[in-house]
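K.L.:
First the structure, then my questions, so here it is.
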Amino acid sequence: MTVTIVGSQLGDEGKGGVVDLYGDAADVVARYQGGDNAGHTVVHDGEKYKLSLVPSGAVRGKVGVLGNGCVVNPETLFDEIDTLRDRGLEPDVRVAERAHVILPYHRALDGIEEEEKDDLAAGTTKRGIGPTYEDKAGRRGVRIGDLLDPDALRERLEYVVPQKKALAEEVFEKETGEEFDIEHLYETYREYGKRLEEEGMTVDCGDFLQERIDAGDNVMLEGAQGTSLDIDHGVYPYVTSSNPSSGGASVGTGLGPTVVGQGDVIGIVKAYLSRVGTGPLPTELGGVEDQTPDYDASEGAGEDEEELATRIRDEGGEYGTVTGRPRRVGWLDMPMLRHATRANGFTGLAINHIDVLAGLDEVKVGHSYEFDGEEIFTMPPTTEAWGRCEATFKSFDGWPEVDWAEVAAEGYEAIPENARTYLEYISDELETPIYAVGVGPGREETVIVENPYE
Ligand code: IMP
């Protein structure tokens, strides 16, 4: 039995909390894409843990797996594991031998290319994610399995590193250091390989997960980022370089789509919108200027909108976990969610952060777009067209600030009526039932309507 958790918007929908909550019933939590670009904070026994790569379930004694669809920076991996161990935990983390390795030259090139791209820059986390997936597709990547095999590692580095060095020095005219030095890389990454081997961390991901499923274990498949950041279904080129959408859960773990499809696919929705990085955002409120070189929504945004944006940003703690950048915020965008619902085949929704909107007189939703004089209900396929869309808003009466912990304890009917009207509009429009409602940052502050493992 699998349950797949997918971000339906632009990442940071609060997937961590849902993974954490439903993950109680899971024995294994596997990530299927992305790398250390995905920040999440886990609170366990009153202690806060900040992780960007290790699946959060590992903090709670689950087996955490990094699937073959992930890109793994071994330095981050071992830093996170060592920090958890220093704090008295014994994380059980497995890594797919087919997963690709982020090398220091990937990080260097991520920064160099972002600078070079100027208006086309995605505002990446500069963790080397894109360049590593590029090498995967270019068949010049280094995989986790290669770190265990000295000859394979040397052969791959000897082929690829001179190309990367020439790219940095001759095309981008940058000075290079040890991150482009074959010997240094070989020595460092062989050591990581030895440690992976000594600690028995590497697996054939698909086999490992299928065996656990056959033995009756509950497996959770955890997506990072969100559907609008998906390289195929998102707002290209302002996207990440993998498939956060549910198809990635199969390809990125080695479990068949028929296996993944037997379980629930839960779309995590934030009750409003936020994003780090660049690209259009039709329902944006105010703007964060330095991240929006091409589409600066702050132009023409009234003072009231700026104030509202700041209020939501501060209430919702909308500052990047990995980078600390202030996030851009906007009203909920229904065309984006209709697109995500189809692309992922959601069977249930977890709608988060309705508490952040409490106390507003009016809550708006981008119900449809006006696009070249027509009303459309889903996202157009090109980002240029999306940038021309103007949101047509629906307005909802606001709901009061209440004791959300009490609401979580009492259940769905205790949610203020106007908030329920808002939630039910979303569920009706997407023809998908609500499984959970997030009413605060803590894992106890969630109203559970349906538990997918029961
Ligand atoms: P990359 O994944 O670092 O290559 O960044 C590509 C785009 O995805 C940028 O717009 C990032 O801001 C965005 N992004 C990457 N990871 C996350 C995340 O965990 N949450 C939100 N946005 C993300």
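Here's how to read the names in the structure tokens: chain A, B, ... by the order shown, residue numbers from 1 in each chain, ligand numbers from 1 in the order shown.
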Show me which residues line ligand 1, defined as having an atom within 9 Å of a ligand atom where only C-alpha atoms and all ligand atoms count, and present them as an MDAnalysis selection string.

P.N.:
chainID A and resid 10:13 34:40 52 110 121:131 224:226 229:230 237:242 274:279 320:323 327

K.L.:
Residues within 6 Å of region 246-255 of chain A, please, as a list in words. Count only C-alpha atoms; anything in the same chain fewer than 5 positions from it doesn't count.

P.N.:
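Selected residues are Tyr32, Gly67, Asn68, Gly69, Cys205, Gly206 and Asn344 of chain A.
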
K.L.:
CA of Phe208 (chain A) and CA of Val29 (chain A) are how many Å apart?

P.N.:
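It comes out at 12.0 Å.
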
K.L.:
Of the candidates A:Thr283, A:Thr446, A:Thr176, A:Ser427, which one gets nearest to Thr392 (chain A) if we count only C-alpha atoms?

P.N.:
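Among the listed residues, A:Thr283 lies closest to Thr392 (chain A).
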
K.L.:
At what distance in Å, to one decimal, does CA of Gly286 (chain A) lie from CA of Leu308 (chain A)?

P.N.:
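These two atoms are separated by 8.1 Å.
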
K.L.:
Kindly indicate which residue among A:Gly200, A:Glu47, A:Val28, A:Gly330 lies nearest to Arg212 (chain A), using only C-alpha atoms for the distances.

P.N.:
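Nearest candidate to Arg212 (chain A) out of A:Gly200, A:Glu47, A:Val28, A:Gly330: A:Val28.
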